[in-house]
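Structure file run37.cif (mmCIF, C-alpha atoms) follows.
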```
data_data
loop_
_atom_site.label_atom_id
_atom_site.label_comp_id
_atom_site.auth_asym_id
_atom_site.auth_seq_id
_atom_site.Cartn_x
_atom_site.Cartn_y
_atom_site.Cartn_z
CA MET Z 458 -15.43 31.46 -23.34
CA ILE Z 459 -14.77 27.84 -22.39
CA SER Z 460 -16.02 25.99 -19.35
CA VAL Z 461 -13.89 23.28 -17.81
CA SER Z 462 -14.39 21.03 -14.80
CA ILE Z 463 -11.25 20.77 -12.66
CA ASN Z 464 -11.37 18.26 -9.83
CA GLY Z 465 -15.14 18.59 -9.89
CA VAL Z 466 -15.11 22.41 -9.75
CA ALA Z 467 -16.44 24.36 -12.77
CA ARG Z 468 -14.05 27.05 -14.07
CA GLU Z 469 -14.56 29.44 -16.97
CA PHE Z 470 -11.81 30.95 -19.10
CA GLU Z 471 -12.01 33.83 -21.59
CA GLN Z 472 -9.20 32.63 -23.81
CA PRO Z 473 -8.17 29.27 -25.26
CA MET Z 474 -5.42 27.85 -23.11
CA CYS Z 475 -3.01 24.92 -22.92
CA VAL Z 476 -2.69 22.63 -19.90
CA ALA Z 477 0.69 24.15 -18.97
CA GLU Z 478 -0.90 27.61 -18.69
CA LEU Z 479 -3.72 26.29 -16.52
CA ILE Z 480 -1.17 24.60 -14.25
CA ARG Z 481 0.74 27.88 -14.01
CA GLN Z 482 -2.38 29.85 -13.09
CA MET Z 483 -3.11 27.40 -10.29
CA GLY Z 484 0.42 27.72 -8.91
CA LEU Z 485 1.21 24.07 -9.60
CA THR Z 486 4.08 24.53 -12.05
CA GLY Z 487 7.01 22.33 -11.01
CA LYS Z 488 4.93 20.39 -8.47
CA ARG Z 489 4.74 16.64 -8.77
CA ILE Z 490 1.23 16.18 -10.17
CA ALA Z 491 -0.51 13.95 -12.68
CA LEU Z 492 -3.36 15.03 -14.91
CA GLU Z 493 -6.20 13.20 -16.56
CA ARG Z 494 -8.33 14.84 -19.27
CA ASN Z 495 -11.68 13.19 -20.03
CA GLY Z 496 -10.45 9.93 -18.58
CA GLU Z 497 -7.11 9.86 -20.41
CA ILE Z 498 -3.67 10.63 -18.95
CA VAL Z 499 -2.03 13.76 -20.34
CA PRO Z 500 1.74 13.16 -19.93
CA ARG Z 501 3.64 16.09 -18.41
CA SER Z 502 5.65 16.32 -21.63
CA HIS Z 503 2.40 17.17 -23.50
CA PHE Z 504 1.25 19.96 -21.20
CA THR Z 505 2.29 22.72 -23.57
CA GLN Z 506 0.69 21.14 -26.66
CA GLN Z 507 -2.57 19.99 -25.09
CA MET Z 508 -5.25 22.70 -25.43
CA LEU Z 509 -8.29 22.79 -23.20
CA ALA Z 510 -11.67 22.42 -24.90
CA ASP Z 511 -15.12 23.50 -23.74
CA GLY Z 512 -16.64 20.79 -21.55
CA ASP Z 513 -13.33 19.14 -20.65
CA LYS Z 514 -13.24 17.24 -17.38
CA LEU Z 515 -9.82 17.36 -15.71
CA GLU Z 516 -8.55 15.48 -12.70
CA ILE Z 517 -5.29 16.71 -11.18
CA VAL Z 518 -3.77 14.55 -8.47
CA VAL Z 519 -0.88 14.45 -6.01
CA ALA Z 520 0.53 11.87 -3.63
CA VAL Z 521 -0.77 12.04 -0.06
CA GLY Z 522 -0.35 9.90 3.02
CA GLY Z 523 -2.27 6.64 2.88
CA GLY Z 524 -2.17 3.00 3.86
CA MET R 446 19.98 -13.25 7.84
CA SER R 447 21.61 -10.79 5.50
CA ASN R 448 20.59 -12.77 2.44
CA ASP R 449 17.06 -13.50 3.64
CA ASN R 450 15.50 -10.93 1.38
CA LEU R 451 11.91 -10.31 0.45
CA ILE R 452 11.74 -10.62 -3.33
CA ILE R 453 8.90 -8.82 -5.10
CA ALA R 454 8.76 -8.78 -8.88
CA GLY R 455 12.44 -9.69 -9.02
CA LYS R 456 13.60 -6.92 -6.70
CA ALA R 457 15.12 -7.71 -3.29
CA TYR R 458 14.17 -5.85 -0.11
CA SER R 459 15.89 -6.43 3.21
CA SER R 460 12.90 -5.28 5.29
CA ARG R 461 9.78 -7.43 5.45
CA LEU R 462 7.77 -4.64 7.04
CA LEU R 463 5.82 -2.41 4.65
CA VAL R 464 4.19 0.68 6.11
CA GLY R 465 1.51 3.18 5.18
CA THR R 466 1.83 6.92 5.51
CA GLY R 467 -1.71 7.92 6.50
CA LYS R 468 -3.23 9.19 9.76
CA TYR R 469 -0.08 10.80 11.21
CA LYS R 470 -0.43 14.15 12.92
CA ASP R 471 2.06 15.82 10.60
CA PHE R 472 4.77 15.09 8.04
CA ALA R 473 7.50 15.14 10.69
CA GLU R 474 5.82 12.31 12.58
CA THR R 475 5.24 10.42 9.33
CA GLN R 476 8.90 10.70 8.47
CA ALA R 477 10.12 9.69 11.94
CA ALA R 478 7.80 6.66 12.08
CA VAL R 479 8.73 5.47 8.60
CA GLU R 480 12.39 5.86 9.47
CA ALA R 481 12.01 3.91 12.73
CA SER R 482 10.12 1.11 10.99
CA GLY R 483 13.04 0.42 8.68
CA ALA R 484 10.51 -0.12 5.87
CA GLU R 485 11.73 0.22 2.30
CA ILE R 486 8.31 -0.07 0.65
CA ILE R 487 5.82 2.56 1.76
CA THR R 488 2.29 3.07 0.56
CA ILE R 489 0.87 6.39 -0.57
CA ALA R 490 -2.58 7.47 -1.70
CA ILE R 491 -3.51 9.43 -4.81
CA ARG R 492 -5.87 12.35 -4.24
CA ARG R 493 -7.07 15.48 -6.00
CA SER R 494 -4.60 18.32 -5.83
CA ASN R 495 -5.50 21.74 -4.56
CA ILE R 496 -6.28 23.86 -7.61
CA GLY R 497 -4.84 27.15 -6.51
CA GLN R 498 -6.43 27.61 -3.09
CA ASN R 499 -3.29 26.46 -1.25
CA PRO R 500 -0.27 26.99 -3.49
CA ASN R 501 2.33 26.42 -0.77
CA GLU R 502 0.98 23.09 0.39
CA PRO R 503 3.94 20.84 1.31
CA SER R 504 4.35 17.65 -0.66
CA LEU R 505 4.59 14.21 0.93
CA LEU R 506 7.18 13.22 -1.66
CA GLU R 507 9.53 15.92 -0.39
CA ILE R 508 9.89 14.11 2.95
CA LEU R 509 9.62 10.60 1.47
CA PRO R 510 11.48 10.89 -1.82
CA PRO R 511 11.16 8.16 -4.46
CA SER R 512 14.97 8.08 -4.57
CA LYS R 513 15.04 6.74 -1.01
CA TYR R 514 11.90 4.59 -0.78
CA THR R 515 9.95 2.29 -3.05
CA LEU R 516 6.65 4.13 -3.15
CA LEU R 517 3.63 1.91 -3.46
CA PRO R 518 0.65 3.91 -4.68
CA ASN R 519 -2.68 2.48 -3.54
CA THR R 520 -6.27 2.66 -4.71
CA ALA R 521 -7.78 3.22 -1.29
CA GLY R 522 -11.28 4.60 -1.59
CA CYS R 523 -11.97 2.98 -4.97
CA TYR R 524 -15.12 0.86 -5.22
CA THR R 525 -14.93 -0.12 -8.90
CA ALA R 526 -12.26 -1.69 -11.08
CA ASP R 527 -12.46 1.32 -13.42
CA ASP R 528 -11.71 3.85 -10.68
CA ALA R 529 -8.83 1.72 -9.40
CA VAL R 530 -7.28 1.42 -12.86
CA ARG R 531 -7.64 5.17 -13.51
CA THR R 532 -6.08 5.96 -10.14
CA LEU R 533 -3.07 3.74 -10.79
CA ARG R 534 -2.53 5.11 -14.28
CA LEU R 535 -2.40 8.57 -12.71
CA ALA R 536 0.00 7.21 -10.08
CA ARG R 537 2.28 5.79 -12.74
CA GLU R 538 2.39 9.17 -14.47
CA LEU R 539 2.97 10.90 -11.13
CA LEU R 540 5.88 8.59 -10.29
CA ASP R 541 7.58 8.72 -13.70
CA GLY R 542 6.52 5.31 -14.96
CA HIS R 543 6.85 3.39 -11.68
CA SER R 544 4.76 0.23 -12.15
CA LEU R 545 4.70 -1.48 -8.71
CA VAL R 546 1.29 -0.73 -7.20
CA LYS R 547 -1.09 -1.78 -4.45
CA LEU R 548 -4.53 -2.65 -5.78
CA GLU R 549 -7.44 -2.50 -3.39
CA VAL R 550 -11.04 -2.32 -4.48
CA LEU R 551 -13.42 -1.96 -1.60
CA GLY R 552 -16.88 -3.41 -1.16
CA ASP R 553 -18.50 -1.10 1.35
CA ALA R 554 -17.49 1.92 3.35
CA GLN R 555 -18.39 0.44 6.72
CA SER R 556 -16.29 -2.73 6.56
CA LEU R 557 -13.80 -1.67 3.86
CA TYR R 558 -13.94 -5.35 2.93
CA PRO R 559 -12.42 -6.05 -0.49
CA ASN R 560 -14.73 -6.54 -3.46
CA VAL R 561 -12.91 -9.48 -4.98
CA VAL R 562 -14.94 -9.48 -8.23
CA GLU R 563 -13.85 -5.91 -9.00
CA THR R 564 -10.35 -6.65 -7.69
CA LEU R 565 -9.94 -9.55 -10.14
CA ALA R 566 -11.22 -7.42 -13.03
CA ALA R 567 -8.86 -4.55 -12.18
CA ALA R 568 -5.91 -6.91 -11.72
CA LYS R 569 -6.46 -8.32 -15.22
CA THR R 570 -6.53 -4.88 -16.81
CA LEU R 571 -3.50 -3.68 -14.86
CA ALA R 572 -1.39 -6.77 -15.54
CA ALA R 573 -2.14 -6.45 -19.26
CA ASP R 574 -1.11 -2.78 -19.05
CA GLY R 575 2.33 -3.62 -17.62
CA PHE R 576 1.67 -2.95 -13.93
CA GLN R 577 3.20 -5.07 -11.19
CA VAL R 578 0.22 -5.57 -8.93
CA MET R 579 0.30 -6.29 -5.22
CA ALA R 580 -3.30 -7.19 -4.51
CA TYR R 581 -5.13 -6.53 -1.27
CA THR R 582 -7.77 -9.21 -0.95
CA SER R 583 -9.86 -11.27 1.43
CA ASP R 584 -8.32 -14.36 3.03
CA ASP R 585 -10.05 -16.59 0.47
CA PRO R 586 -7.45 -19.07 -0.87
CA ILE R 587 -9.28 -19.59 -4.17
CA ILE R 588 -9.36 -15.88 -4.98
CA ALA R 589 -5.71 -15.60 -3.90
CA LYS R 590 -4.76 -18.29 -6.42
CA GLN R 591 -6.78 -16.58 -9.15
CA LEU R 592 -4.99 -13.30 -8.47
CA GLU R 593 -1.66 -15.08 -8.77
CA ASP R 594 -2.75 -16.71 -12.03
CA ILE R 595 -3.64 -13.27 -13.40
CA GLY R 596 -0.06 -12.22 -12.73
CA CYS R 597 -0.15 -10.37 -9.40
CA VAL R 598 3.35 -10.14 -7.91
CA ALA R 599 2.18 -10.39 -4.29
CA ILE R 600 -1.02 -11.52 -2.61
CA MET R 601 -2.01 -9.40 0.38
CA PRO R 602 -4.82 -10.92 2.40
CA LEU R 603 -6.35 -9.08 5.32
CA ALA R 604 -5.72 -10.36 8.83
CA SER R 605 -8.86 -8.51 9.95
CA LEU R 606 -10.66 -5.35 8.82
CA ILE R 607 -8.60 -2.33 7.73
CA GLY R 608 -7.79 -0.11 10.69
CA SER R 609 -9.49 -2.47 13.17
CA GLY R 610 -6.38 -3.61 15.06
CA MET R 611 -8.13 -6.95 15.64
CA GLY R 612 -5.09 -9.02 14.72
CA ILE R 613 -5.02 -12.30 12.81
CA LEU R 614 -8.51 -13.73 13.01
CA ASN R 615 -8.03 -16.68 10.69
CA PRO R 616 -4.48 -18.04 10.64
CA TRP R 617 -5.70 -21.23 8.94
CA ASN R 618 -6.87 -19.33 5.86
CA LEU R 619 -3.54 -17.54 5.64
CA GLN R 620 -1.85 -20.93 5.62
CA LEU R 621 -4.25 -22.25 2.98
CA ILE R 622 -3.24 -19.27 0.83
CA MET R 623 0.46 -19.84 1.42
CA GLU R 624 0.10 -23.50 0.44
CA ARG R 625 -1.41 -22.48 -2.89
CA VAL R 626 0.51 -19.48 -4.15
CA GLN R 627 4.17 -19.09 -5.04
CA VAL R 628 4.40 -15.27 -4.98
CA PRO R 629 4.95 -13.52 -1.62
CA VAL R 630 1.95 -13.52 0.73
CA ILE R 631 1.94 -10.32 2.74
CA VAL R 632 -0.56 -9.73 5.53
CA ASP R 633 -2.20 -6.40 4.85
CA ALA R 634 -4.64 -4.85 7.30
CA GLY R 635 -5.78 -5.70 10.78
CA VAL R 636 -2.50 -5.87 12.68
CA GLY R 637 -2.92 -4.13 16.03
CA THR R 638 0.30 -4.63 17.95
CA ALA R 639 3.73 -6.19 17.70
CA SER R 640 2.67 -9.73 18.62
CA ASP R 641 0.21 -9.75 15.68
CA ALA R 642 3.04 -8.95 13.29
CA ALA R 643 5.24 -11.62 14.86
CA VAL R 644 2.46 -14.21 14.55
CA ALA R 645 2.01 -13.38 10.86
CA MET R 646 5.71 -13.89 10.26
CA GLU R 647 5.81 -17.09 12.35
CA LEU R 648 3.04 -18.48 10.14
CA GLY R 649 5.41 -18.05 7.22
CA CYS R 650 4.06 -14.88 5.64
CA ALA R 651 6.62 -13.10 3.49
CA GLY R 652 5.90 -9.74 5.06
CA VAL R 653 3.42 -7.50 6.84
CA LEU R 654 1.92 -4.23 5.68
CA MET R 655 0.43 -1.89 8.26
CA ASN R 656 -0.53 1.73 8.82
CA THR R 657 -2.99 2.33 11.64
CA ALA R 658 -1.22 0.04 14.13
CA ILE R 659 1.69 2.45 14.06
CA ALA R 660 -0.04 5.76 13.35
CA ALA R 661 -2.76 5.29 15.98
CA ALA R 662 -0.40 4.13 18.73
CA GLN R 663 0.13 6.56 21.63
CA LYS R 664 3.78 6.79 20.57
CA PRO R 665 3.90 6.04 16.85
CA VAL R 666 7.68 6.16 16.48
CA LEU R 667 8.20 3.70 19.35
CA MET R 668 5.53 1.41 17.89
CA ALA R 669 7.22 1.58 14.48
CA GLN R 670 10.41 0.35 16.12
CA ALA R 671 8.46 -2.40 17.93
CA MET R 672 6.95 -3.54 14.64
CA LYS R 673 10.36 -3.67 13.02
CA GLN R 674 11.62 -5.88 15.84
CA ALA R 675 8.47 -8.05 15.82
CA VAL R 676 8.70 -8.71 12.08
CA GLU R 677 12.37 -9.60 12.42
CA ALA R 678 11.74 -11.82 15.46
CA GLY R 679 8.79 -13.55 13.81
CA ARG R 680 10.76 -14.18 10.65
CA SER R 681 13.70 -15.61 12.61
CA ALA R 682 11.36 -17.86 14.60
CA PHE R 683 9.79 -19.10 11.35
CA LEU R 684 13.20 -19.86 9.86
CA ALA R 685 14.41 -21.46 13.11
CA GLY R 686 11.44 -23.83 13.16
CA ARG R 687 9.53 -23.89 16.39
CA MET R 688 9.53 -26.92 18.70
CA PRO R 689 6.56 -29.23 18.46
CA LYS R 690 3.72 -28.57 20.87
CA LYS R 691 3.20 -31.24 23.54
CA LEU R 692 -0.41 -31.07 24.51
CA TYR R 693 -0.53 -33.27 27.61
CA SER R 694 3.03 -33.75 28.92
CA ALA R 695 5.71 -31.51 30.29
CA SER R 696 9.42 -31.85 29.60
CA PRO R 697 11.88 -30.55 32.23
CA SER R 698 14.53 -28.16 31.04
CA SER R 699 16.96 -29.05 33.82
CA PRO R 700 18.71 -32.40 34.35
CA THR R 701 16.62 -35.03 36.12
CA ALA R 702 19.68 -36.69 37.63
CA GLY R 703 21.69 -35.52 40.65
CA ILE R 704 18.89 -33.84 42.53
CA ILE R 705 19.79 -33.54 46.24
CA GLY R 706 18.12 -35.90 48.65
CA SER R 707 17.13 -38.28 45.91
CA THR R 708 17.49 -41.99 46.55
CA ARG R 709 19.20 -42.71 43.21
CA ASN R 710 21.65 -40.96 40.96
#
```
Please express the file's structure as structure tokens.
Amino acid sequence: MISVSINGVAREFEQPMCVAELIRQMGLTGKRIALERNGEIVPRSHFTQQMLADGDKLEIVVAVGGG
Amino acid sequence: MSNDNLIIAGKAYSSRLLVGTGKYKDFAETQAAVEASGAEIITIAIRRSNIGQNPNEPSLLEILPPSKYTLLPNTAGCYTADDAVRTLRLARELLDGHSLVKLEVLGDAQSLYPNVVETLAAAKTLAADGFQVMAYTSDDPIIAKQLEDIGCVAIMPLASLIGSGMGILNPWNLQLIMERVQVPVIVDAGVGTASDAAVAMELGCAGVLMNTAIAAAQKPVLMAQAMKQAVEAGRSAFLAGRMPKKLYSASPSSPTAGIIGSTRN
């Protein structure tokens, strides 16, 4: 069991998982997003290699309207 | 006027109006207003994604594609240099390496006044990291010069508080800034209506960036068109060179000779 914070929300997962799988489970595959893991950018090209670890803090962002 | 371009970081833009994309009632209105404004550079914000609760949420970038517009990600809502830098690194990843950004680091939530100490710190980090920084700042000419020295590609002083619509409260400071910096000076924040935008351009500003003045108008699309015209008119007036003001004497526009009933010709 690993516990991960995603956009400030705690989530628990039974199995080890890569970032790409997490993105898929959230229905965000193919969407234009950017992801930061523990303060560092994870490039989209690394989503399949990057595994989640217990205690990870993720920020997943999109573009929205703003001035 | 066709070659009177706005040059930012070596790239030419034919429109001197930059617009935000916030506060519209829906994406259709956003798109129509942006279109009517003629703006080529449009600001966007970076915010947390939904994490599965709303999988079919439409994306802003579908209606305003990076292929058509120069998207300018901002750091609105950031109060520290660190948060601003993190936000823009995420933005660069989101936009496939796009490095032109709008830096704004705020001081307090009530005034949204820029924190220039944090802004300078963030600008240094971002410039060293390869970003092309357009910096929102106060109308302090000394800070403006320091931002230019750091390497910012445009200085964007406020005309008045963000979203206030109070217009240009200190035209003298804007001119002090323009006398000191070589990079484009773009009024950012405070414009309320078309005449404010025209005044900014008549002062010699390189451009105007606005959001609320359009989005909060009763008819945003019509106001976007008005702003386009005002920026163009103000720019033309600046280039034309206004007549000198005569404080205490009038000057007739019509001939003074040949008036009927006069005793001399």
In Å, with one decimal, what is the gap from atom CA of Glu593 of chain R to atom CA of Gln627 of chain R?
-> 8.0 Å
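Taking atom CA of Glu563 of chain R and atom CA of Lys468 of chain R as the two end points, the separation is 26.3 Å.
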Determine the residue membership of the PyMOL selection byres ((chain Z) within 7 of (chain R)) for the file above and supply it as a ChimeraX atom specification.
-> /Z:464,483-485,489-492,498,500,516-524
The PyMOL selection byres ((chain R and resi 525) around 8) applied to the shown file, residues as an mmCIF file with C-alpha atoms, in the frame of the given file:
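This went into expr12.cif:
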```cif
data_model
loop_
_atom_site.group_PDB
_atom_site.id
_atom_site.type_symbol
_atom_site.label_atom_id
_atom_site.label_comp_id
_atom_site.auth_asym_id
_atom_site.auth_seq_id
_atom_site.Cartn_x
_atom_site.Cartn_y
_atom_site.Cartn_z
ATOM 1 C CA CYS R 523 -11.970 2.980 -4.970
ATOM 2 C CA TYR R 524 -15.120 0.860 -5.220
ATOM 3 C CA ALA R 526 -12.260 -1.690 -11.080
ATOM 4 C CA ASP R 527 -12.460 1.320 -13.420
ATOM 5 C CA ASP R 528 -11.710 3.850 -10.680
ATOM 6 C CA ALA R 529 -8.830 1.720 -9.400
ATOM 7 C CA VAL R 550 -11.040 -2.320 -4.480
ATOM 8 C CA LEU R 551 -13.420 -1.960 -1.600
ATOM 9 C CA GLU R 563 -13.850 -5.910 -9.000
#
```
Between Z:Val499, Z:Pro473, Z:Met458, Z:Thr505, which has the minimum distance to Thr486 of chain Z (counting only C-alpha atoms)?
-> Z:Thr505
Mind pulling up the distance from atom CA of Asp594 of chain R to atom CA of Ala580 of chain R?
->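 A separation of 12.1 Å between them.
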Name the closest residue to Leu548 of chain R among the candidates R:Leu621, R:Ile595, R:Ile600, R:Met668; distances are taken between atoms, counting only C-alpha atoms.
->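 Checking each of R:Leu621, R:Ile595, R:Ile600, R:Met668 against Leu548 of chain R, counting only C-alpha atoms, the winner is R:Ile600.
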Which protein, DNA or RNA residues are at most 10 Å from (-15.0, 25.1, -17.8) in the file's coordinates when you count only C-alpha atoms, listed as a PyMOL selection string?
-> chain Z and resi 458-463+466-471+509-515
Hits of the PyMOL selection byres ((chain R and resi 590) around 12) in this structure, as number ranges by chain = R: 565, 580, 582-589, 591-602, 621-630
Residues from the last selection, C-alpha atoms, saved as a PDB file, keeping the file's coordinate frame:
```pdb
ATOM      1  CA  LEU R 565      -9.940  -9.550 -10.140  1.00  0.00           C
ATOM      2  CA  ALA R 580      -3.300  -7.190  -4.510  1.00  0.00           C
ATOM      3  CA  THR R 582      -7.770  -9.210  -0.950  1.00  0.00           C
ATOM      4  CA  SER R 583      -9.860 -11.270   1.430  1.00  0.00           C
ATOM      5  CA  ASP R 584      -8.320 -14.360   3.030  1.00  0.00           C
ATOM      6  CA  ASP R 585     -10.050 -16.590   0.470  1.00  0.00           C
ATOM      7  CA  PRO R 586      -7.450 -19.070  -0.870  1.00  0.00           C
ATOM      8  CA  ILE R 587      -9.280 -19.590  -4.170  1.00  0.00           C
ATOM      9  CA  ILE R 588      -9.360 -15.880  -4.980  1.00  0.00           C
ATOM     10  CA  ALA R 589      -5.710 -15.600  -3.900  1.00  0.00           C
ATOM     11  CA  GLN R 591      -6.780 -16.580  -9.150  1.00  0.00           C
ATOM     12  CA  LEU R 592      -4.990 -13.300  -8.470  1.00  0.00           C
ATOM     13  CA  GLU R 593      -1.660 -15.080  -8.770  1.00  0.00           C
ATOM     14  CA  ASP R 594      -2.750 -16.710 -12.030  1.00  0.00           C
ATOM     15  CA  ILE R 595      -3.640 -13.270 -13.400  1.00  0.00           C
ATOM     16  CA  GLY R 596      -0.060 -12.220 -12.730  1.00  0.00           C
ATOM     17  CA  CYS R 597      -0.150 -10.370  -9.400  1.00  0.00           C
ATOM     18  CA  VAL R 598       3.350 -10.140  -7.910  1.00  0.00           C
ATOM     19  CA  ALA R 599       2.180 -10.390  -4.290  1.00  0.00           C
ATOM     20  CA  ILE R 600      -1.020 -11.520  -2.610  1.00  0.00           C
ATOM     21  CA  MET R 601      -2.010  -9.400   0.380  1.00  0.00           C
ATOM     22  CA  PRO R 602      -4.820 -10.920   2.400  1.00  0.00           C
ATOM     23  CA  LEU R 621      -4.250 -22.250   2.980  1.00  0.00           C
ATOM     24  CA  ILE R 622      -3.240 -19.270   0.830  1.00  0.00           C
ATOM     25  CA  MET R 623       0.460 -19.840   1.420  1.00  0.00           C
ATOM     26  CA  GLU R 624       0.100 -23.500   0.440  1.00  0.00           C
ATOM     27  CA  ARG R 625      -1.410 -22.480  -2.890  1.00  0.00           C
ATOM     28  CA  VAL R 626       0.510 -19.480  -4.150  1.00  0.00           C
ATOM     29  CA  GLN R 627       4.170 -19.090  -5.040  1.00  0.00           C
ATOM     30  CA  VAL R 628       4.400 -15.270  -4.980  1.00  0.00           C
ATOM     31  CA  PRO R 629       4.950 -13.520  -1.620  1.00  0.00           C
ATOM     32  CA  VAL R 630       1.950 -13.520   0.730  1.00  0.00           C
TER      33      VAL R 630
END
```
Of the candidates R:Val562, R:Ala669, R:Ile613, R:Ile486, which shows the shortest atom-to-atom distance to Cys650 of chain R, using all atoms listed in the file?
->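 Ranking R:Val562, R:Ala669, R:Ile613, R:Ile486 by distance to Cys650 of chain R, first place goes to R:Ile613.
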Using all atoms listed in the file, find the one residue out of R:Thr701, R:Ala568, R:Gly610, R:Lys673 that sits nearest to Glu485 of chain R.
->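 That would be R:Lys673, the residue with the smallest distance to Glu485 of chain R.
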Would you kindly return, as a ChimeraX atom specification, each protein, DNA or RNA residue with an atom no farther than 10 Å from any atom of Gln674 of chain R, considering only C-alpha atoms and excluding same-chain residues fewer than 6 positions away?
-> /R:462,482-483,639,642-643,668,680
Long-range neighbours of Gln555 of chain R as a list in words, 12 Å cut-off, all atoms listed in the file, 2 positions minimum in chain = Gly522, Leu551, Gly552, Asp553, Leu557, Tyr558, Pro559, Leu606, Ile607, Gly608 and Ser609 of chain R
Counting only C-alpha atoms, which of R:Ile705, R:Ile453, R:Ala660, R:Val666 gets nearest to Met579 of chain R?
->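 Closest residue, counting only C-alpha atoms: R:Ile453.
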